[in-house]
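J.: So that you have it, the file is model_11.csv, and it contains CSV, C-alpha atoms and all ligand atoms:
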```csv
chain,number,residue,atom,x,y,z
E,15,MET,CA,-152.6,-51.7,9.6
E,16,LYS,CA,-151.4,-55.0,8.2
E,17,ARG,CA,-151.4,-55.6,4.5
E,18,ALA,CA,-149.4,-58.8,4.3
E,19,SER,CA,-150.8,-60.9,1.5
E,20,ARG,CA,-149.1,-60.3,-1.8
E,21,SER,CA,-152.4,-60.8,-3.7
E,22,GLU,CA,-153.8,-57.6,-2.0
E,23,TRP,CA,-151.5,-55.5,-4.1
E,24,ARG,CA,-153.3,-54.6,-7.3
E,25,SER,CA,-152.1,-51.3,-8.6
E,26,ALA,CA,-150.0,-50.6,-11.6
E,27,ALA,CA,-147.4,-49.2,-9.2
E,28,ALA,CA,-147.2,-52.5,-7.2
E,29,LYS,CA,-147.0,-54.5,-10.5
E,30,ARG,CA,-144.2,-52.3,-11.7
E,31,LEU,CA,-142.3,-52.7,-8.4
E,32,GLN,CA,-142.8,-56.5,-8.4
E,33,LYS,CA,-141.4,-56.7,-11.9
E,34,LEU,CA,-138.4,-54.4,-11.2
E,35,GLY,CA,-137.7,-56.2,-7.9
E,36,GLY,CA,-137.9,-59.6,-9.6
E,37,THR,CA,-140.3,-61.1,-7.1
E,38,SER,CA,-144.1,-61.0,-6.4
E,39,CYS,CA,-143.3,-60.4,-2.7
E,40,ILE,CA,-143.6,-56.7,-2.2
E,41,ASP,CA,-141.3,-56.5,0.8
E,42,GLU,CA,-138.6,-58.4,-1.0
E,43,ALA,CA,-139.1,-56.3,-4.1
E,44,VAL,CA,-138.7,-53.1,-2.1
E,45,CYS,CA,-135.4,-54.5,-0.6
E,46,ASN,CA,-134.1,-55.4,-4.0
E,47,VAL,CA,-134.8,-52.1,-5.7
E,48,VAL,CA,-133.5,-50.1,-2.7
E,49,ALA,CA,-130.3,-52.1,-2.6
E,50,ARG,CA,-129.6,-50.9,-6.2
E,51,VAL,CA,-129.8,-47.2,-5.2
E,52,LEU,CA,-127.8,-47.6,-2.0
E,53,ASP,CA,-124.0,-47.7,-2.1
E,54,ASP,CA,-122.3,-50.7,-0.5
E,55,TYR,CA,-120.5,-48.6,1.9
E,56,GLN,CA,-123.7,-47.1,3.4
E,57,CYS,CA,-124.1,-47.4,7.2
E,58,ALA,CA,-126.3,-45.6,9.8
E,59,PRO,CA,-127.3,-42.8,9.3
E,60,ILE,CA,-128.0,-43.4,5.6
E,61,ASP,CA,-126.7,-40.5,3.4
E,62,LEU,CA,-129.9,-39.5,1.5
E,63,ASN,CA,-127.9,-37.0,-0.6
E,64,ALA,CA,-126.1,-39.9,-2.3
E,65,VAL,CA,-129.5,-41.5,-3.0
E,66,MET,CA,-130.8,-38.2,-4.4
E,67,ASN,CA,-127.9,-38.1,-6.9
E,68,LYS,CA,-128.8,-41.6,-8.2
E,69,LEU,CA,-132.4,-40.7,-8.6
E,70,ASN,CA,-132.0,-37.4,-10.6
E,71,VAL,CA,-133.1,-35.3,-7.6
E,72,VAL,CA,-131.1,-32.0,-7.4
E,73,GLY,CA,-132.0,-30.9,-4.0
E,74,VAL,CA,-134.4,-30.2,-1.1
E,75,GLU,CA,-136.1,-26.8,-0.5
E,76,THR,CA,-138.6,-25.5,1.9
E,77,ASP,CA,-142.0,-24.2,0.6
E,78,ASP,CA,-144.0,-22.5,3.3
E,79,GLN,CA,-147.1,-22.6,1.1
E,80,LEU,CA,-147.1,-26.5,1.2
E,81,ILE,CA,-150.1,-28.0,2.8
E,82,VAL,CA,-148.6,-31.5,2.9
E,83,ALA,CA,-145.3,-32.6,4.5
E,84,GLY,CA,-143.5,-33.0,1.2
E,85,GLU,CA,-143.8,-32.9,-2.6
E,86,LEU,CA,-141.7,-34.0,-5.5
E,87,ARG,CA,-141.7,-31.6,-8.4
E,88,LYS,CA,-140.3,-31.8,-11.9
E,89,GLU,CA,-138.1,-28.9,-12.9
E,90,LYS,CA,-137.0,-29.1,-16.5
E,91,ASP,CA,-135.5,-32.6,-16.7
E,92,LYS,CA,-134.6,-32.8,-13.0
E,93,LEU,CA,-136.5,-33.5,-9.9
E,94,LYS,CA,-136.6,-31.4,-6.7
E,95,ILE,CA,-138.1,-32.2,-3.2
E,96,TYR,CA,-140.1,-29.5,-1.5
E,97,LEU,CA,-140.8,-29.7,2.3
E,98,ALA,CA,-143.2,-28.0,4.6
E,99,PRO,CA,-141.2,-25.8,7.1
E,100,GLY,CA,-140.5,-26.8,10.6
E,101,LEU,CA,-140.6,-30.6,10.3
E,102,PRO,CA,-138.7,-32.3,13.2
E,103,LYS,CA,-135.5,-34.0,12.0
E,104,GLY,CA,-136.9,-37.6,11.9
E,105,ARG,CA,-140.0,-36.5,10.2
E,106,ARG,CA,-138.0,-34.5,7.7
E,107,ARG,CA,-135.8,-37.4,6.8
E,108,PHE,CA,-138.7,-39.7,6.5
E,109,THR,CA,-140.5,-37.2,4.2
E,110,ILE,CA,-137.4,-36.9,2.0
E,111,ALA,CA,-137.1,-40.7,1.8
E,112,HIS,CA,-140.8,-41.0,0.9
E,113,GLU,CA,-140.4,-38.5,-1.9
E,114,LEU,CA,-137.3,-40.5,-3.1
E,115,GLY,CA,-139.8,-43.3,-3.4
E,116,HIS,CA,-141.7,-41.2,-5.9
E,117,ALA,CA,-138.4,-40.3,-7.6
E,118,PHE,CA,-137.6,-44.0,-7.9
E,119,PHE,CA,-140.9,-44.6,-9.8
E,120,GLU,CA,-140.1,-41.6,-12.0
E,121,SER,CA,-136.9,-43.4,-12.9
E,122,THR,CA,-138.8,-46.5,-14.1
E,123,GLY,CA,-139.8,-45.4,-17.6
E,124,PRO,CA,-143.0,-44.2,-19.4
E,125,GLY,CA,-146.4,-44.4,-17.7
E,126,CYS,CA,-144.9,-43.8,-14.2
E,127,PRO,CA,-147.6,-44.1,-11.5
E,128,ARG,CA,-148.2,-40.8,-9.8
E,129,VAL,CA,-151.3,-41.2,-7.7
E,130,GLY,CA,-153.0,-43.9,-5.5
E,131,ASN,CA,-153.2,-45.3,-2.0
E,132,GLU,CA,-151.0,-48.2,-2.9
E,133,LEU,CA,-148.4,-46.0,-4.5
E,134,GLU,CA,-148.3,-43.9,-1.2
E,135,ALA,CA,-148.0,-47.1,0.9
E,136,LEU,CA,-145.2,-48.4,-1.4
E,137,CYS,CA,-143.3,-45.1,-1.1
E,138,ASN,CA,-143.6,-45.4,2.7
E,139,LYS,CA,-142.1,-48.9,2.4
E,140,ILE,CA,-139.3,-47.6,0.2
E,141,ALA,CA,-138.7,-44.8,2.7
E,142,ALA,CA,-138.4,-47.2,5.6
E,143,GLU,CA,-136.0,-49.5,3.6
E,144,LEU,CA,-133.9,-46.5,2.5
E,145,LEU,CA,-133.6,-45.1,6.0
E,146,MET,CA,-133.2,-48.4,7.8
E,147,PRO,CA,-132.1,-51.0,5.2
E,148,THR,CA,-133.0,-54.5,6.3
E,149,HIS,CA,-129.5,-56.0,6.4
E,150,ILE,CA,-127.9,-52.9,8.1
E,151,PHE,CA,-130.8,-52.8,10.6
E,152,LYS,CA,-130.6,-56.5,11.5
E,153,ARG,CA,-126.8,-56.3,11.8
E,154,ALA,CA,-127.2,-53.3,14.2
E,155,VAL,CA,-130.0,-54.9,16.3
E,156,GLY,CA,-128.6,-58.4,16.5
E,157,SER,CA,-130.8,-61.3,17.4
E,158,ASN,CA,-132.5,-59.8,20.5
E,159,PRO,CA,-133.8,-56.3,20.3
E,160,THR,CA,-133.8,-54.4,23.6
E,161,ILE,CA,-135.6,-51.1,24.3
E,162,ASP,CA,-132.4,-49.3,25.0
E,163,SER,CA,-130.6,-50.6,21.9
E,164,LEU,CA,-133.6,-49.6,19.8
E,165,LEU,CA,-133.7,-46.1,21.3
E,166,LYS,CA,-130.0,-45.7,20.6
E,167,LEU,CA,-130.6,-46.8,17.0
E,168,ALA,CA,-133.3,-44.2,16.5
E,169,SER,CA,-130.6,-41.6,17.1
E,170,ASP,CA,-128.0,-43.6,15.0
E,171,PHE,CA,-130.3,-43.9,12.0
E,172,GLU,CA,-131.6,-40.3,12.6
E,173,VAL,CA,-135.2,-41.4,12.4
E,174,SER,CA,-138.2,-40.8,14.8
E,175,THR,CA,-138.8,-43.2,17.7
E,176,SER,CA,-142.0,-44.4,16.1
E,177,ALA,CA,-140.4,-45.1,12.7
E,178,LEU,CA,-137.6,-47.1,14.4
E,179,PHE,CA,-140.0,-49.2,16.5
E,180,LEU,CA,-142.3,-49.8,13.6
E,181,ARG,CA,-139.3,-51.2,11.7
E,182,ALA,CA,-138.3,-53.4,14.6
E,183,ALA,CA,-141.9,-54.7,14.8
E,184,LYS,CA,-141.8,-55.5,11.2
E,185,LEU,CA,-138.5,-57.4,11.3
E,186,TYR,CA,-138.6,-59.0,14.8
E,187,LYS,CA,-141.0,-60.7,17.1
E,188,CYS,CA,-141.8,-57.6,19.1
E,189,CYS,CA,-144.5,-54.9,19.3
E,190,SER,CA,-144.4,-51.5,20.7
E,191,PHE,CA,-146.4,-48.4,21.4
E,192,GLY,CA,-145.8,-44.8,22.2
E,193,VAL,CA,-147.6,-42.8,24.9
E,194,ASP,CA,-148.2,-39.1,24.8
E,195,ASP,CA,-149.6,-37.5,27.9
E,196,GLY,CA,-151.1,-40.7,29.3
E,197,ALA,CA,-152.7,-41.9,26.1
E,198,ILE,CA,-151.5,-44.5,23.5
E,199,HIS,CA,-150.4,-42.4,20.6
E,200,TRP,CA,-149.1,-44.9,18.1
E,201,THR,CA,-148.7,-48.7,17.9
E,202,ALA,CA,-146.4,-50.9,16.0
E,203,GLY,CA,-147.1,-54.6,15.3
E,204,LEU,CA,-150.3,-54.5,17.3
E,205,ALA,CA,-153.6,-52.7,16.6
E,206,LYS,CA,-154.7,-50.2,19.1
E,207,HIS,CA,-158.0,-52.0,19.9
E,208,ARG,CA,-156.0,-55.0,21.2
E,209,PHE,CA,-155.2,-52.9,24.3
E,210,ALA,CA,-158.8,-52.9,25.3
E,211,GLY,CA,-159.3,-55.0,28.5
E,212,ALA,CA,-155.5,-55.3,29.0
E,213,SER,CA,-154.4,-56.2,32.5
E,214,SER,CA,-154.0,-53.4,35.1
E,215,SER,CA,-150.2,-53.5,34.8
E,216,LEU,CA,-150.7,-51.6,31.5
E,217,ARG,CA,-152.3,-48.7,33.2
E,218,ARG,CA,-149.7,-48.8,36.0
E,219,GLY,CA,-146.8,-48.9,33.5
E,220,ILE,CA,-148.2,-45.9,31.7
E,221,GLU,CA,-148.6,-43.9,35.0
E,222,CYS,CA,-145.1,-44.8,36.0
E,223,ALA,CA,-143.7,-43.7,32.6
E,224,MET,CA,-145.6,-40.4,32.8
E,225,ARG,CA,-143.8,-39.8,36.2
E,226,GLY,CA,-140.6,-40.1,34.2
E,227,GLU,CA,-139.6,-43.5,35.5
E,228,ALA,CA,-138.4,-46.5,33.5
E,229,GLY,CA,-139.6,-50.0,34.3
E,230,SER,CA,-140.8,-53.4,33.3
E,231,ASP,CA,-143.7,-55.7,34.1
E,232,LEU,CA,-145.8,-58.5,32.6
E,233,VAL,CA,-149.0,-57.5,30.7
E,234,ASP,CA,-151.9,-59.5,29.3
E,235,ILE,CA,-153.1,-58.3,25.9
E,236,ASN,CA,-156.3,-59.1,24.1
E,237,ALA,CA,-155.6,-61.7,21.4
E,238,GLY,CA,-159.1,-62.1,20.1
E,239,GLN,CA,-160.5,-65.2,21.9
E,240,SER,CA,-158.0,-65.1,24.7
E,241,PHE,CA,-155.3,-63.0,26.3
E,242,THR,CA,-151.6,-63.4,25.6
E,243,ARG,CA,-148.9,-62.5,28.1
E,244,TRP,CA,-146.0,-60.2,27.1
E,245,GLN,CA,-142.9,-58.9,28.8
E,246,MET,CA,-143.4,-55.1,28.8
E,247,GLU,CA,-140.6,-52.6,29.2
E,248,TRP,CA,-140.8,-48.8,29.0
E,249,ARG,CA,-138.7,-45.7,28.9
E,250,PRO,CA,-139.7,-42.1,29.4
E,251,LEU,CA,-138.5,-39.9,26.5
E,252,GLY,CA,-136.4,-37.0,27.5
E,253,GLY,CA,-138.3,-34.8,29.9
E,254,SER,CA,-141.5,-34.7,27.9
E,255,LYS,CA,-144.8,-36.4,28.8
E,256,GLN,CA,-143.9,-39.1,26.3
E,257,ALA,CA,-142.7,-42.7,26.6
E,258,VAL,CA,-142.1,-45.7,24.5
E,259,PHE,CA,-143.1,-49.3,25.4
E,260,LEU,CA,-141.6,-52.5,24.0
E,261,LEU,CA,-143.5,-55.8,24.2
E,262,LYS,CA,-141.8,-59.1,23.7
E,263,PRO,CA,-143.5,-62.6,23.9
Z,1,ZN,ZN,-146.4,-39.6,-1.6
```
Transcribe the structure of this file into structure tokens.
Ligand SMILES: [Zn+2]

T.:
Amino acid sequence: MKRASRSEWRSAAAKRLQKLGGTSCIDEAVCNVVARVLDDYQCAPIDLNAVMNKLNVVGVETDDQLIVAGELRKEKDKLKIYLAPGLPKGRRRFTIAHELGHAFFESTGPGCPRVGNELEALCNKIAAELLMPTHIFKRAVGSNPTIDSLLKLASDFEVSTSALFLRAAKLYKCCSFGVDDGAIHWTAGLAKHRFAGASSSLRRGIECAMRGEAGSDLVDINAGQSFTRWQMEWRPLGGSKQAVFLLKP
């Protein structure tokens, strides 16, 4: 889902972030506030423990009663992150980083926002910026993202494939999608419905990937009134019935 326009942000949380970040542009504000909690020496993978120290978070614990992935709790004058058990590594790190977004708001003085859809969206943005800071990410990717370099970076940054490709779609002219057992599972930079009526090369590519083969082809994707042609590349993901596809103009 795209929520680009700055005027769409209306919550107290967004206003607080804009003020602290020194700009009405939410993405820039996120960059600015995250830069203040990251040490200059940080490189991939980002050390979340160092960020926790700066945000008054004393640790991470598992709570098998938790019905959501993560939760930030106040304990005396400190904060602690609780996680549901069994999260895969990338999901676990993203959840910690999301809760650090809440911890950031807790550090911003009285009247801290604690609920709201915009607050949750902002904490996701803070999480992505914490795990893959814009300047470190761009330096690592260079000017031309390739599917193999992006897959390597998912492991370097210790994030999930979908989180990494979402970040790439946000910062570069590319889109991507993940396939799970023959069906499109997630998309980045392109809404799912845009794949309706795509050229038959899309189906062929997915079938090929499900057989465990890497490949590339051209694909025509629905752009509303017309179709746009993309260079499509795909890689199967380690033995499972999963694959990732990268689309470039
Ligand atoms: Zn949250």

J.: Which of these, E:Cys57, E:Leu216, E:Val155, E:Ile235, has the shortest distance to E:Phe259 once you count all atoms listed in the file?

T.: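 Of E:Cys57, E:Leu216, E:Val155, E:Ile235, the one nearest E:Phe259, counting all atoms listed in the file, is E:Leu216.
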
J.: Considering all atoms listed in the file, state which residue in the set E:Leu232, E:Ala205, E:Ala28, E:Leu114 is at the smallest distance from ligand ZN 1 (chain Z).

T.: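 Answer, going by the shortest atom-to-atom distance: E:Leu114.
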
J.: Calculate how many Å separate atom CA of E:Val48 from atom CA of E:Lys139, rounding to one decimal.

T.: 10.1 Å

J.: Go through E:Val173, E:Leu164, E:Ala26, E:Cys222 and flag the residue nearest E:Asp195, using all atoms listed in the file for the distances.

T.: E:Cys222

J.: For stretch 125-130 of chain E, please output as a PyMOL selection string all residues within 7 Å (counting only C-alpha atoms; exclusion window: fewer than 4 positions along the same chain).

T.: chain E and resi 26-27+119-120+134

J.: What is the distance, in Å and to one decimal place, between atom CA of E:Ala182 and atom CA of E:Arg153?

T.: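 Atom-to-atom, atom CA of E:Ala182 to atom CA of E:Arg153, that is 12.2 Å.
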
J.: Atom CA of E:Leu86 and atom CA of E:Val47, how far apart in Å?

T.: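 Atom CA of E:Leu86 lies 19.4 Å from atom CA of E:Val47.
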
J.: For each of E:Leu145, E:Gly100, E:Lys33, E:Arg105, take the minimum atom-to-atom distance to E:Thr76, counting all atoms listed in the file, then give the residue where this is smallest.

T.: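 Using all atoms listed in the file, the shortest distance to E:Thr76 belongs to E:Gly100.
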
J.: Using all atoms listed in the file, can you tell me which of E:Lys90, E:Leu31, E:Tyr96, E:Asp61 comes closest to ligand ZN 1 (chain Z)?

T.: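 Counting all atoms listed in the file, the residue closest to ligand ZN 1 (chain Z) is E:Tyr96.
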
J.: Produce as a VMD selection string the set of residues near ligand ZN 1 (chain Z), where near means within 12 Å with all atoms listed in the file considered.

T.: chain E and resid 82 to 87 95 to 96 108 to 119 127 to 141

J.: For C-alpha atoms, I'd like the residues from the last selection saved as a CSV table (one decimal), in the coordinates of the input.

T.:
```
chain,number,residue,atom,x,y,z
E,82,VAL,CA,-148.6,-31.5,2.9
E,83,ALA,CA,-145.3,-32.6,4.5
E,84,GLY,CA,-143.5,-33.0,1.2
E,85,GLU,CA,-143.8,-32.9,-2.6
E,86,LEU,CA,-141.7,-34.0,-5.5
E,87,ARG,CA,-141.7,-31.6,-8.4
E,95,ILE,CA,-138.1,-32.2,-3.2
E,96,TYR,CA,-140.1,-29.5,-1.5
E,108,PHE,CA,-138.7,-39.7,6.5
E,109,THR,CA,-140.5,-37.2,4.2
E,110,ILE,CA,-137.4,-36.9,2.0
E,111,ALA,CA,-137.1,-40.7,1.8
E,112,HIS,CA,-140.8,-41.0,0.9
E,113,GLU,CA,-140.4,-38.5,-1.9
E,114,LEU,CA,-137.3,-40.5,-3.1
E,115,GLY,CA,-139.8,-43.3,-3.4
E,116,HIS,CA,-141.7,-41.2,-5.9
E,117,ALA,CA,-138.4,-40.3,-7.6
E,118,PHE,CA,-137.6,-44.0,-7.9
E,119,PHE,CA,-140.9,-44.6,-9.8
E,127,PRO,CA,-147.6,-44.1,-11.5
E,128,ARG,CA,-148.2,-40.8,-9.8
E,129,VAL,CA,-151.3,-41.2,-7.7
E,130,GLY,CA,-153.0,-43.9,-5.5
E,131,ASN,CA,-153.2,-45.3,-2.0
E,132,GLU,CA,-151.0,-48.2,-2.9
E,133,LEU,CA,-148.4,-46.0,-4.5
E,134,GLU,CA,-148.3,-43.9,-1.2
E,135,ALA,CA,-148.0,-47.1,0.9
E,136,LEU,CA,-145.2,-48.4,-1.4
E,137,CYS,CA,-143.3,-45.1,-1.1
E,138,ASN,CA,-143.6,-45.4,2.7
E,139,LYS,CA,-142.1,-48.9,2.4
E,140,ILE,CA,-139.3,-47.6,0.2
E,141,ALA,CA,-138.7,-44.8,2.7
```

J.: Between E:Ala257, E:Ala142, E:Ser157, E:Lys262, which has the minimum distance to E:Leu180 (counting all atoms listed in the file)?

T.: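 Comparing E:Ala257, E:Ala142, E:Ser157, E:Lys262 against E:Leu180, the winner is E:Ala142.
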
J.: With stretch 225-228 of chain E as the partner and 10 Å as the cut-off, tabulate the residues of stretch 196-221 of chain E that qualify, each row holding the nearest pair of atoms and their distance in Å to one decimal, using only C-alpha atoms, sorted by chain and rising number, as CSV.

T.:
```
residue,atom,partner,partner_atom,distance
E:Gly219,CA,E:Ala228,CA,8.7
E:Ile220,CA,E:Arg225,CA,8.8
E:Glu221,CA,E:Arg225,CA,6.4
```

J.: Which residues come within 10 Å of stretch 240-242 of chain E, counting all atoms listed in the file, excluding same-chain residues fewer than 5 positions away, as a list of chain:residue names?

T.: E:Arg208, E:Gly211, E:Ala212, E:Ser213, E:Val233, E:Asp234, E:Ile235, E:Pro263

J.: Near E:Lys187, within 10 Å and counting only C-alpha atoms, which residues show up once chain neighbours fewer than 2 positions away are dropped, as JSON, numbers by chain?

T.: {"E": [158, 159, 182, 183, 184, 185, 189, 203, 261, 262, 263]}

J.: May I have the residues from that selection written out with C-alpha atoms, as a JSON list (two decimals), in the frame of the given file?

T.:
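Contents of the output file part-v3.json:
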```json
[["chain", "number", "residue", "atom", "x", "y", "z"],
["E", 158, "ASN", "CA", -132.50, -59.80, 20.50],
["E", 159, "PRO", "CA", -133.80, -56.30, 20.30],
["E", 182, "ALA", "CA", -138.30, -53.40, 14.60],
["E", 183, "ALA", "CA", -141.90, -54.70, 14.80],
["E", 184, "LYS", "CA", -141.80, -55.50, 11.20],
["E", 185, "LEU", "CA", -138.50, -57.40, 11.30],
["E", 189, "CYS", "CA", -144.50, -54.90, 19.30],
["E", 203, "GLY", "CA", -147.10, -54.60, 15.30],
["E", 261, "LEU", "CA", -143.50, -55.80, 24.20],
["E", 262, "LYS", "CA", -141.80, -59.10, 23.70],
["E", 263, "PRO", "CA", -143.50, -62.60, 23.90]]
```

J.: Taking (-131.1, -50.9, 5.0) in the file's own coordinates, collect the residues within 9 Å, counting all atoms listed in the file, and hand them back as a compact mmCIF listing (two decimals) with C-alpha atoms, in the coordinates of the input.

T.:
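Result written to result-v6.txt:
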```txt
# COMPACT_ATOMS: atom_id res chain seq x y z
CA CYS E 45 -135.40 -54.50 -0.60
CA VAL E 48 -133.50 -50.10 -2.70
CA ALA E 49 -130.30 -52.10 -2.60
CA LEU E 52 -127.80 -47.60 -2.00
CA GLN E 56 -123.70 -47.10 3.40
CA CYS E 57 -124.10 -47.40 7.20
CA ALA E 58 -126.30 -45.60 9.80
CA ILE E 60 -128.00 -43.40 5.60
CA ALA E 142 -138.40 -47.20 5.60
CA GLU E 143 -136.00 -49.50 3.60
CA LEU E 144 -133.90 -46.50 2.50
CA LEU E 145 -133.60 -45.10 6.00
CA MET E 146 -133.20 -48.40 7.80
CA PRO E 147 -132.10 -51.00 5.20
CA THR E 148 -133.00 -54.50 6.30
CA HIS E 149 -129.50 -56.00 6.40
CA ILE E 150 -127.90 -52.90 8.10
CA PHE E 151 -130.80 -52.80 10.60
CA LYS E 152 -130.60 -56.50 11.50
```

J.: Would you mind completing stretch 122-130 of chain E to all heavy atoms and writing the output as a PDB file, in the frame of the given file?

T.:
```pdb
ATOM      1  N   THR E 122    -138.482 -45.146 -13.609  1.00  0.00           N
ATOM      2  CA  THR E 122    -138.800 -46.500 -14.100  1.00  0.00           C
ATOM      3  C   THR E 122    -139.429 -46.487 -15.505  1.00  0.00           C
ATOM      4  O   THR E 122    -140.032 -47.473 -15.899  1.00  0.00           O
ATOM      5  CB  THR E 122    -139.685 -47.267 -13.143  1.00  0.00           C
ATOM      6  OG1 THR E 122    -140.913 -46.523 -12.971  1.00  0.00           O
ATOM      7  CG2 THR E 122    -139.014 -47.474 -11.804  1.00  0.00           C
ATOM      8  N   GLY E 123    -139.330 -45.354 -16.221  1.00  0.00           N
ATOM      9  CA  GLY E 123    -139.800 -45.400 -17.600  1.00  0.00           C
ATOM     10  C   GLY E 123    -141.182 -44.792 -17.788  1.00  0.00           C
ATOM     11  O   GLY E 123    -141.796 -44.317 -16.835  1.00  0.00           O
ATOM     12  N   PRO E 124    -141.692 -44.836 -19.045  1.00  0.00           N
ATOM     13  CA  PRO E 124    -143.000 -44.200 -19.400  1.00  0.00           C
ATOM     14  C   PRO E 124    -144.133 -44.753 -18.563  1.00  0.00           C
ATOM     15  O   PRO E 124    -144.091 -45.903 -18.123  1.00  0.00           O
ATOM     16  CB  PRO E 124    -143.153 -44.516 -20.867  1.00  0.00           C
ATOM     17  CG  PRO E 124    -141.879 -45.092 -21.353  1.00  0.00           C
ATOM     18  CD  PRO E 124    -141.084 -45.540 -20.172  1.00  0.00           C
ATOM     19  N   GLY E 125    -145.166 -43.936 -18.394  1.00  0.00           N
ATOM     20  CA  GLY E 125    -146.400 -44.400 -17.700  1.00  0.00           C
ATOM     21  C   GLY E 125    -146.186 -44.462 -16.206  1.00  0.00           C
ATOM     22  O   GLY E 125    -146.892 -45.214 -15.521  1.00  0.00           O
ATOM     23  N   CYS E 126    -145.252 -43.686 -15.658  1.00  0.00           N
ATOM     24  CA  CYS E 126    -144.900 -43.800 -14.200  1.00  0.00           C
ATOM     25  C   CYS E 126    -146.186 -43.476 -13.381  1.00  0.00           C
ATOM     26  O   CYS E 126    -146.887 -42.499 -13.607  1.00  0.00           O
ATOM     27  CB  CYS E 126    -143.859 -42.712 -13.935  1.00  0.00           C
ATOM     28  SG  CYS E 126    -143.728 -42.290 -12.204  1.00  0.00           S
ATOM     29  N   PRO E 127    -146.484 -44.334 -12.411  1.00  0.00           N
ATOM     30  CA  PRO E 127    -147.600 -44.100 -11.500  1.00  0.00           C
ATOM     31  C   PRO E 127    -147.395 -42.872 -10.636  1.00  0.00           C
ATOM     32  O   PRO E 127    -146.319 -42.744 -10.061  1.00  0.00           O
ATOM     33  CB  PRO E 127    -147.739 -45.370 -10.704  1.00  0.00           C
ATOM     34  CG  PRO E 127    -146.419 -46.025 -10.812  1.00  0.00           C
ATOM     35  CD  PRO E 127    -145.754 -45.553 -12.061  1.00  0.00           C
ATOM     36  N   ARG E 128    -148.384 -41.993 -10.561  1.00  0.00           N
ATOM     37  CA  ARG E 128    -148.200 -40.800  -9.800  1.00  0.00           C
ATOM     38  C   ARG E 128    -149.229 -40.582  -8.684  1.00  0.00           C
ATOM     39  O   ARG E 128    -149.052 -39.747  -7.802  1.00  0.00           O
ATOM     40  CB  ARG E 128    -148.217 -39.540 -10.692  1.00  0.00           C
ATOM     41  CG  ARG E 128    -147.079 -39.564 -11.706  1.00  0.00           C
ATOM     42  CD  ARG E 128    -146.628 -38.177 -12.122  1.00  0.00           C
ATOM     43  NE  ARG E 128    -145.360 -38.260 -12.842  1.00  0.00           N
ATOM     44  CZ  ARG E 128    -145.261 -38.178 -14.165  1.00  0.00           C
ATOM     45  NH1 ARG E 128    -146.321 -37.962 -14.900  1.00  0.00           N
ATOM     46  NH2 ARG E 128    -144.080 -38.287 -14.743  1.00  0.00           N
ATOM     47  N   VAL E 129    -150.332 -41.329  -8.726  1.00  0.00           N
ATOM     48  CA  VAL E 129    -151.300 -41.200  -7.700  1.00  0.00           C
ATOM     49  C   VAL E 129    -151.810 -42.589  -7.217  1.00  0.00           C
ATOM     50  O   VAL E 129    -151.680 -43.561  -7.956  1.00  0.00           O
ATOM     51  CB  VAL E 129    -152.598 -40.402  -8.122  1.00  0.00           C
ATOM     52  CG1 VAL E 129    -152.299 -38.925  -8.198  1.00  0.00           C
ATOM     53  CG2 VAL E 129    -153.153 -40.936  -9.422  1.00  0.00           C
ATOM     54  N   GLY E 130    -152.379 -42.648  -6.016  1.00  0.00           N
ATOM     55  CA  GLY E 130    -153.000 -43.900  -5.500  1.00  0.00           C
ATOM     56  C   GLY E 130    -152.544 -44.244  -4.127  1.00  0.00           C
ATOM     57  O   GLY E 130    -151.416 -43.942  -3.735  1.00  0.00           O
TER      58      GLY E 130
END
```
